[in-house]
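With mmCIF, C-alpha atoms inside, this is work-v8.cif:
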data_upload
#
loop_
_atom_site.label_atom_id
_atom_site.label_comp_id
_atom_site.auth_asym_id
_atom_site.auth_seq_id
_atom_site.Cartn_x
_atom_site.Cartn_y
_atom_site.Cartn_z
CA MET A 88 167.63 46.00 98.18
CA PRO A 89 170.96 44.17 98.78
CA GLU A 90 172.62 45.07 102.07
CA THR A 91 176.18 44.03 101.13
CA LEU A 92 178.29 44.03 97.99
CA ASP A 93 178.27 40.23 97.96
CA GLU A 94 174.47 40.28 97.93
CA LEU A 95 174.48 42.95 95.25
CA ASP A 96 176.87 40.98 93.04
CA GLU A 97 174.70 37.88 93.38
CA ALA A 98 171.56 39.83 92.49
CA VAL A 99 173.20 41.46 89.47
CA THR A 100 174.05 38.10 87.92
CA SER A 101 170.37 37.12 87.79
CA CYS A 102 169.11 40.27 86.05
CA ARG A 103 167.11 39.84 82.82
CA SER A 104 165.68 43.35 82.51
CA CYS A 105 166.92 44.16 78.98
CA PRO A 106 165.68 41.68 76.34
CA ARG A 107 168.17 42.76 73.65
CA LEU A 108 171.14 42.35 75.98
CA VAL A 109 169.90 39.01 77.30
CA ARG A 110 169.57 37.67 73.75
CA TRP A 111 172.98 38.93 72.71
CA ARG A 112 174.97 37.78 75.75
CA GLU A 113 173.43 34.31 75.53
CA GLN A 114 173.87 34.09 71.76
CA VAL A 115 177.56 34.93 72.08
CA ALA A 116 177.93 32.39 74.88
CA ALA A 117 176.39 29.69 72.73
CA GLU A 118 178.16 30.47 69.44
CA LYS A 119 181.55 31.36 71.01
CA ARG A 120 184.70 32.55 69.30
CA ALA A 121 186.75 29.81 67.64
CA ALA A 122 189.71 30.41 69.95
CA PHE A 123 187.49 29.71 72.98
CA ARG A 124 185.42 26.89 71.52
CA ASP A 125 186.30 24.50 74.35
CA GLN A 126 185.40 26.98 77.10
CA THR A 127 182.10 27.48 78.90
CA TYR A 128 181.09 31.13 78.62
CA TRP A 129 179.67 33.01 81.60
CA GLY A 130 176.93 34.54 79.43
CA ARG A 131 175.27 36.47 82.27
CA PRO A 132 175.50 39.98 83.76
CA VAL A 133 178.99 40.58 85.12
CA PRO A 134 179.20 41.93 88.69
CA GLY A 135 181.76 44.38 90.01
CA PHE A 136 185.15 43.09 91.13
CA GLY A 137 187.22 44.19 94.10
CA PRO A 138 187.12 44.53 97.89
CA PRO A 139 184.10 45.99 99.71
CA ASP A 140 186.27 48.61 101.44
CA ALA A 141 187.76 49.98 98.21
CA ARG A 142 188.98 53.58 98.26
CA ILE A 143 189.11 53.76 94.45
CA ALA A 144 186.44 52.74 91.95
CA ILE A 145 187.12 52.26 88.26
CA VAL A 146 184.07 52.66 86.02
CA GLY A 147 184.16 51.28 82.49
CA LEU A 148 181.44 50.86 79.88
CA ALA A 149 180.16 47.26 79.68
CA PRO A 150 181.54 43.71 79.50
CA ALA A 151 183.21 42.64 76.26
CA ALA A 152 181.42 39.86 74.39
CA HIS A 153 184.39 37.47 74.45
CA GLY A 154 186.10 39.00 77.49
CA ALA A 155 184.10 39.40 80.68
CA ASN A 156 181.01 37.85 79.08
CA ARG A 157 183.18 34.75 78.70
CA THR A 158 185.09 34.81 81.99
CA GLY A 159 182.55 36.39 84.35
CA ARG A 160 184.95 39.03 85.73
CA MET A 161 185.30 42.66 84.73
CA PHE A 162 188.04 43.35 82.14
CA THR A 163 189.22 39.74 82.27
CA GLY A 164 190.23 37.75 79.22
CA ASP A 165 190.66 40.48 76.59
CA ARG A 166 193.28 43.01 75.50
CA SER A 167 191.56 45.92 77.20
CA GLY A 168 191.88 44.06 80.47
CA ASP A 169 195.51 43.21 79.74
CA PHE A 170 196.21 46.94 79.37
CA LEU A 171 194.28 47.94 82.50
CA TYR A 172 195.62 45.30 84.87
CA ALA A 173 199.21 45.81 83.75
CA ALA A 174 198.85 49.48 84.72
CA LEU A 175 197.16 48.66 88.03
CA HIS A 176 200.02 46.30 88.87
CA ALA A 177 202.62 48.87 87.83
CA VAL A 178 201.31 51.37 90.40
CA GLY A 179 200.83 48.80 93.16
CA LEU A 180 197.05 48.38 93.00
CA ALA A 181 196.93 44.78 91.74
CA SER A 182 198.75 41.62 92.77
CA GLN A 183 199.71 40.65 89.21
CA PRO A 184 199.82 42.28 85.75
CA THR A 185 197.53 39.80 83.99
CA SER A 186 193.87 38.84 84.29
CA THR A 187 192.98 35.70 82.36
CA HIS A 188 190.29 33.86 84.31
CA VAL A 189 188.41 33.97 87.61
CA GLY A 190 190.72 31.48 89.35
CA ASP A 191 194.01 33.09 88.32
CA GLY A 192 194.79 34.49 91.78
CA LEU A 193 194.43 38.16 90.89
CA GLU A 194 193.70 40.50 93.81
CA LEU A 195 193.00 44.21 93.75
CA TYR A 196 194.32 46.45 96.51
CA GLY A 197 191.85 49.14 97.52
CA VAL A 198 190.20 49.16 94.09
CA ARG A 199 186.81 47.99 92.81
CA ILE A 200 186.05 47.77 89.09
CA THR A 201 182.49 48.11 87.83
CA ALA A 202 180.46 49.35 84.87
CA PRO A 203 177.22 51.25 84.25
CA VAL A 204 175.99 48.36 82.06
CA HIS A 205 176.56 44.82 83.32
CA CYS A 206 175.73 42.86 80.15
CA ALA A 207 177.73 42.69 76.93
CA PRO A 208 175.98 44.86 74.32
CA PRO A 209 176.06 44.35 70.54
CA GLU A 210 178.90 46.40 69.00
CA ASN A 211 179.80 47.57 72.53
CA LYS A 212 176.97 50.09 72.31
CA PRO A 213 174.28 49.98 75.03
CA THR A 214 171.17 52.02 74.33
CA PRO A 215 170.19 54.90 76.63
CA ALA A 216 167.26 52.79 77.87
CA GLU A 217 169.60 49.89 78.74
CA ARG A 218 171.97 52.24 80.53
CA ASP A 219 169.10 53.66 82.56
CA ALA A 220 167.64 50.23 83.36
CA CYS A 221 171.02 49.19 84.80
CA ARG A 222 171.51 52.39 86.81
CA PRO A 223 169.93 51.17 90.09
CA TRP A 224 172.73 48.60 90.41
CA LEU A 225 175.34 51.35 90.11
CA VAL A 226 173.48 53.61 92.56
CA ARG A 227 173.40 50.83 95.14
CA GLU A 228 177.02 49.84 94.54
CA PHE A 229 178.24 53.38 95.18
CA ALA A 230 176.02 53.69 98.25
CA LEU A 231 177.62 50.53 99.68
CA LEU A 232 181.12 51.73 98.82
CA ARG A 233 180.53 55.19 100.26
CA PRO A 234 182.14 54.70 103.73
CA THR A 235 185.58 54.17 102.20
CA LEU A 236 185.33 55.47 98.62
CA ARG A 237 187.40 58.59 97.91
CA CYS A 238 188.17 58.57 94.18
CA VAL A 239 186.68 57.27 90.92
CA VAL A 240 188.61 56.75 87.69
CA VAL A 241 186.11 56.91 84.83
CA LEU A 242 187.14 55.25 81.58
CA GLY A 243 185.57 57.10 78.68
CA ALA A 244 182.75 59.54 78.03
CA PHE A 245 179.97 56.95 78.21
CA GLY A 246 180.95 55.91 81.73
CA TRP A 247 181.40 59.55 82.78
CA GLN A 248 177.91 60.51 81.62
CA ALA A 249 176.31 57.35 83.01
CA LEU A 250 177.94 57.76 86.41
CA MET A 251 176.75 61.29 87.19
CA PRO A 252 173.07 60.43 87.88
CA ALA A 253 174.17 57.50 90.06
CA LEU A 254 176.06 59.64 92.58
CA ALA A 255 173.15 60.19 94.93
CA ASN A 256 175.38 60.75 97.97
CA TRP A 257 177.41 63.56 96.43
CA GLN A 258 176.57 66.97 95.01
CA VAL A 259 176.95 66.95 91.21
CA PRO A 260 177.12 70.51 89.83
CA ILE A 261 174.80 71.80 87.13
CA PRO A 262 175.76 71.90 84.35
CA ARG A 263 177.49 68.58 84.85
CA PRO A 264 181.26 68.47 84.39
CA LYS A 265 182.40 67.45 80.91
CA PHE A 266 184.54 64.40 80.24
CA ALA A 267 188.14 64.80 79.19
CA HIS A 268 191.26 62.75 79.69
CA GLY A 269 192.81 64.14 82.85
CA ALA A 270 189.62 65.88 83.98
CA GLU A 271 189.44 66.22 87.77
CA VAL A 272 186.32 67.14 89.70
CA THR A 273 185.75 66.95 93.46
CA LEU A 274 182.14 66.46 94.53
CA PRO A 275 181.11 67.46 98.06
CA ALA A 276 179.10 64.93 100.05
CA VAL A 277 175.42 65.73 100.53
CA ASP A 278 175.89 65.49 104.31
CA ASP A 279 178.93 65.10 106.55
CA GLY A 280 180.34 62.18 104.60
CA PRO A 281 183.60 62.21 102.62
CA ASP A 282 183.99 64.10 99.36
CA LEU A 283 184.55 62.19 96.12
CA THR A 284 187.08 63.04 93.40
CA LEU A 285 186.40 61.98 89.81
CA LEU A 286 189.27 61.52 87.36
CA GLY A 287 188.60 61.17 83.63
CA CYS A 288 190.67 58.79 81.51
CA TYR A 289 190.37 57.61 77.93
CA HIS A 290 188.85 54.13 77.75
CA VAL A 291 191.23 51.18 77.54
CA SER A 292 189.63 50.01 74.29
CA GLN A 293 191.89 48.69 71.55
CA GLN A 294 190.80 51.63 69.41
CA ASN A 295 192.56 53.91 71.91
CA THR A 296 195.48 51.73 72.98
CA PHE A 297 196.49 50.47 69.51
CA THR A 298 196.52 54.00 68.08
CA GLY A 299 198.48 55.48 70.97
CA LYS A 300 195.66 57.76 72.06
CA LEU A 301 196.05 56.08 75.47
CA THR A 302 199.51 54.82 76.43
CA PRO A 303 200.62 52.85 79.51
CA PRO A 304 202.32 55.91 81.06
CA MET A 305 199.15 57.97 80.56
CA LEU A 306 197.00 55.39 82.33
CA GLU A 307 199.55 54.78 85.06
CA ALA A 308 199.69 58.52 85.76
CA ILE A 309 195.92 58.66 86.28
CA LEU A 310 195.94 55.58 88.51
CA ALA A 311 198.87 56.89 90.55
CA LYS A 312 197.00 60.14 91.07
CA ALA A 313 193.92 58.22 92.21
CA LYS A 314 196.09 56.27 94.62
CA ALA A 315 197.55 59.46 96.08
CA ILE A 316 194.17 61.18 96.41
CA SER A 317 192.47 58.19 98.00
CA GLY A 318 195.25 56.89 100.20
CA ALA A 319 194.70 53.41 98.77
#
Final structure tokens representation of the file:
Amino acid sequence: MPETLDELDEAVTSCRSCPRLVRWREQVAAEKRAAFRDQTYWGRPVPGFGPPDARIAIVGLAPAAHGANRTGRMFTGDRSGDFLYAALHAVGLASQPTSTHVGDGLELYGVRITAPVHCAPPENKPTPAERDACRPWLVREFALLRPTLRCVVVLGAFGWQALMPALANWQVPIPRPKFAHGAEVTLPAVDDGPDLTLLGCYHVSQQNTFTGKLTPPMLEAILAKAKAISGA
């Protein structure tokens, strides 16, 4: 089992556990979108992004086929990422408001971004079996973040449901808390470690942002709250 986040990220990128996802991510990387025809796609599992001493984690769904599956960095190179990073910058958690490619100079301040599924799925819909196969990576990631982690912003119901079984170091109530935009749940640590606060937020998908279901002020309010709770 990886002992550091760097080791974990390296191990994640070599995973081939889910045949359907492997086929799809590599097919997309070979066929490409016309606008990116001259680019070399990442076409592998996408690791988490952010410092190892993060006080806030952001949990999404899975890499986008022509976003992170192309660039190799979470929420980088698509409109969902544009929306997220602009909000992170607005509240002082990112060095710049855009995220276009791995070498663009972007830094996150006290935040790590990850997902319960690390490969781009067809139609953005991982199966329950694929979600469960990827869970050990998320369990280990949160175990490594535990010394500093204080708050998690969960983007969407899929991420909310997928995250709960991965929180081995905190007490998740039964029945499990339900997802809602603005939901707030504090989970006690299983021992004398720090508690963890979960904040629910609508996903930054174009379906939500183009329709106004999620607006920049709504997202910024959630991120500002996470910043205040965590001390990031």
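Taking CA of Gly130 in chain A and CA of Asp165 in chain A as the two end points, the separation is 15.2 Å.
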Checklist line | For range 214-217 of chain A: contacts at 12 Å, all atoms listed in the file, fewer than 5 positions along chain excluded, given as a PyMOL selection string | finding: chain A and resi 103-109+148-149+203-209+222-223+245-246+248-249
Next, write the just-selected residues to a file, as a PDB file, in the frame of the given file, keeping C-alpha atoms as the atom set.
ATOM      1  CA  ARG A 103     167.110  39.840  82.820  1.00  0.00           C
ATOM      2  CA  SER A 104     165.680  43.350  82.510  1.00  0.00           C
ATOM      3  CA  CYS A 105     166.920  44.160  78.980  1.00  0.00           C
ATOM      4  CA  PRO A 106     165.680  41.680  76.340  1.00  0.00           C
ATOM      5  CA  ARG A 107     168.170  42.760  73.650  1.00  0.00           C
ATOM      6  CA  LEU A 108     171.140  42.350  75.980  1.00  0.00           C
ATOM      7  CA  VAL A 109     169.900  39.010  77.300  1.00  0.00           C
ATOM      8  CA  LEU A 148     181.440  50.860  79.880  1.00  0.00           C
ATOM      9  CA  ALA A 149     180.160  47.260  79.680  1.00  0.00           C
ATOM     10  CA  PRO A 203     177.220  51.250  84.250  1.00  0.00           C
ATOM     11  CA  VAL A 204     175.990  48.360  82.060  1.00  0.00           C
ATOM     12  CA  HIS A 205     176.560  44.820  83.320  1.00  0.00           C
ATOM     13  CA  CYS A 206     175.730  42.860  80.150  1.00  0.00           C
ATOM     14  CA  ALA A 207     177.730  42.690  76.930  1.00  0.00           C
ATOM     15  CA  PRO A 208     175.980  44.860  74.320  1.00  0.00           C
ATOM     16  CA  PRO A 209     176.060  44.350  70.540  1.00  0.00           C
ATOM     17  CA  ARG A 222     171.510  52.390  86.810  1.00  0.00           C
ATOM     18  CA  PRO A 223     169.930  51.170  90.090  1.00  0.00           C
ATOM     19  CA  PHE A 245     179.970  56.950  78.210  1.00  0.00           C
ATOM     20  CA  GLY A 246     180.950  55.910  81.730  1.00  0.00           C
ATOM     21  CA  GLN A 248     177.910  60.510  81.620  1.00  0.00           C
ATOM     22  CA  ALA A 249     176.310  57.350  83.010  1.00  0.00           C
TER      23      ALA A 249
END
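Here CA of Leu306 in chain A is placed at a distance of 6.6 Å from CA of Ala174 in chain A.
Minimum atom-to-atom distance to Ala230 in chain A, evaluated using all atoms listed in the file, belongs to A:Pro139 out of A:Gly287, A:Pro139, A:Gly197, A:His188.
The spacing separating CA of Leu301 in chain A from CA of Val241 in chain A amounts to 13.7 Å.
Comparing the minimum interatomic distances between Leu283 in chain A and each of A:Val189, A:Ala144, A:Val198, A:Met305, counting all atoms listed in the file, we find that A:Ala144 sits nearest.
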Check: Expanded to explicit residues, what is the PyMOL selection byres ((chain A and resi 314) around 12) for this file, as a ChimeraX atom specification?
Finding: /A:141-145,175,177-181,196-198,236-240,284,286,307-313,315-319
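Of the listed residues (A:Arg160, A:Pro303, A:Glu271, A:Thr100), A:Arg160 comes nearest to Gly137 in chain A; the distances count only C-alpha atoms.
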Item checked: Residues selected by the PyMOL selection byres ((chain A and resi 263) around 12), written as a PyMOL selection string -> chain A and resi 247-252+254+258-262+264-266+272+274
Give the padded box for range 243-259 of chain A as AutoDock Vina command-line options: axis-aligned, covering all atoms listed in the file, 5 Å on each side, centre and edge lengths in Å to one decimal.
--center_x 179.3 --center_y 61.4 --center_z 88.0 --size_x 22.5 --size_y 21.1 --size_z 29.9
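The closest residue to Asp125 in chain A, picked from A:Arg157, A:Arg112, A:Tyr172, A:Pro89 and counting only C-alpha atoms, is A:Arg157.
Here the question is which of A:His176, A:Gly147, A:Glu97, A:His153 gets nearest to Ala122 in chain A using all atoms listed in the file, and that residue is A:His153.
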Extract, using all atoms listed in the file, all DNA, RNA and protein residues at most 10 Å from Glu90 in chain A, discarding same-chain residues fewer than 6 positions from it, and format them as a PDB file with C-alpha atoms, in the coordinates of the input.
ATOM      1  CA  ARG A 227     173.400  50.830  95.140  1.00  0.00           C
ATOM      2  CA  GLU A 228     177.020  49.840  94.540  1.00  0.00           C
ATOM      3  CA  LEU A 231     177.620  50.530  99.680  1.00  0.00           C
TER       4      LEU A 231
END
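If all atoms listed in the file are the atoms counted, then among A:His268, A:Arg233, A:Arg166, A:Arg199 the closest residue to Gln293 in chain A is A:Arg166.
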Margin query: as a PyMOL selection string, please: the residues near Gly192 in chain A (cut-off 9 Å, all atoms listed in the file, same-chain neighbours under 4 positions excluded).
Written below: chain A and resi 182-183+186+188
Atoms kept (C-alpha atoms) for selection, written as a tab-separated table (two decimals), in the coordinates of the input:
chain	number	residue	atom	x	y	z
A	182	SER	CA	198.75	41.62	92.77
A	183	GLN	CA	199.71	40.65	89.21
A	186	SER	CA	193.87	38.84	84.29
A	188	HIS	CA	190.29	33.86	84.31
Fill-in result for range 113-124 of chain A, N, CA and C atoms as a CSV table (one decimal), in the coordinates of the input:
chain,number,residue,atom,x,y,z
A,113,GLU,N,173.6,35.8,75.6
A,113,GLU,CA,173.4,34.3,75.5
A,113,GLU,C,173.7,33.7,74.2
A,114,GLN,N,173.5,34.5,73.1
A,114,GLN,CA,173.9,34.1,71.8
A,114,GLN,C,175.4,34.0,71.6
A,115,VAL,N,176.1,35.0,72.1
A,115,VAL,CA,177.6,34.9,72.1
A,115,VAL,C,178.1,33.7,72.9
A,116,ALA,N,177.5,33.5,74.0
A,116,ALA,CA,177.9,32.4,74.9
A,116,ALA,C,177.7,31.0,74.2
A,117,ALA,N,176.7,30.9,73.4
A,117,ALA,CA,176.4,29.7,72.7
A,117,ALA,C,177.3,29.5,71.5
A,118,GLU,N,177.4,30.6,70.7
A,118,GLU,CA,178.2,30.5,69.4
A,118,GLU,C,179.7,30.5,69.7
A,119,LYS,N,180.1,31.3,70.6
A,119,LYS,CA,181.6,31.4,71.0
A,119,LYS,C,182.4,31.9,69.9
A,120,ARG,N,183.6,32.3,70.3
A,120,ARG,CA,184.7,32.6,69.3
A,120,ARG,C,185.5,31.3,69.1
A,121,ALA,N,186.0,31.1,67.9
A,121,ALA,CA,186.8,29.8,67.6
A,121,ALA,C,187.9,29.5,68.6
A,122,ALA,N,188.6,30.6,69.0
A,122,ALA,CA,189.7,30.4,70.0
A,122,ALA,C,189.3,29.9,71.3
A,123,PHE,N,188.0,30.1,71.7
A,123,PHE,CA,187.5,29.7,73.0
A,123,PHE,C,186.4,28.6,72.9
A,124,ARG,N,186.5,27.9,71.8
A,124,ARG,CA,185.4,26.9,71.5
A,124,ARG,C,185.3,25.9,72.6
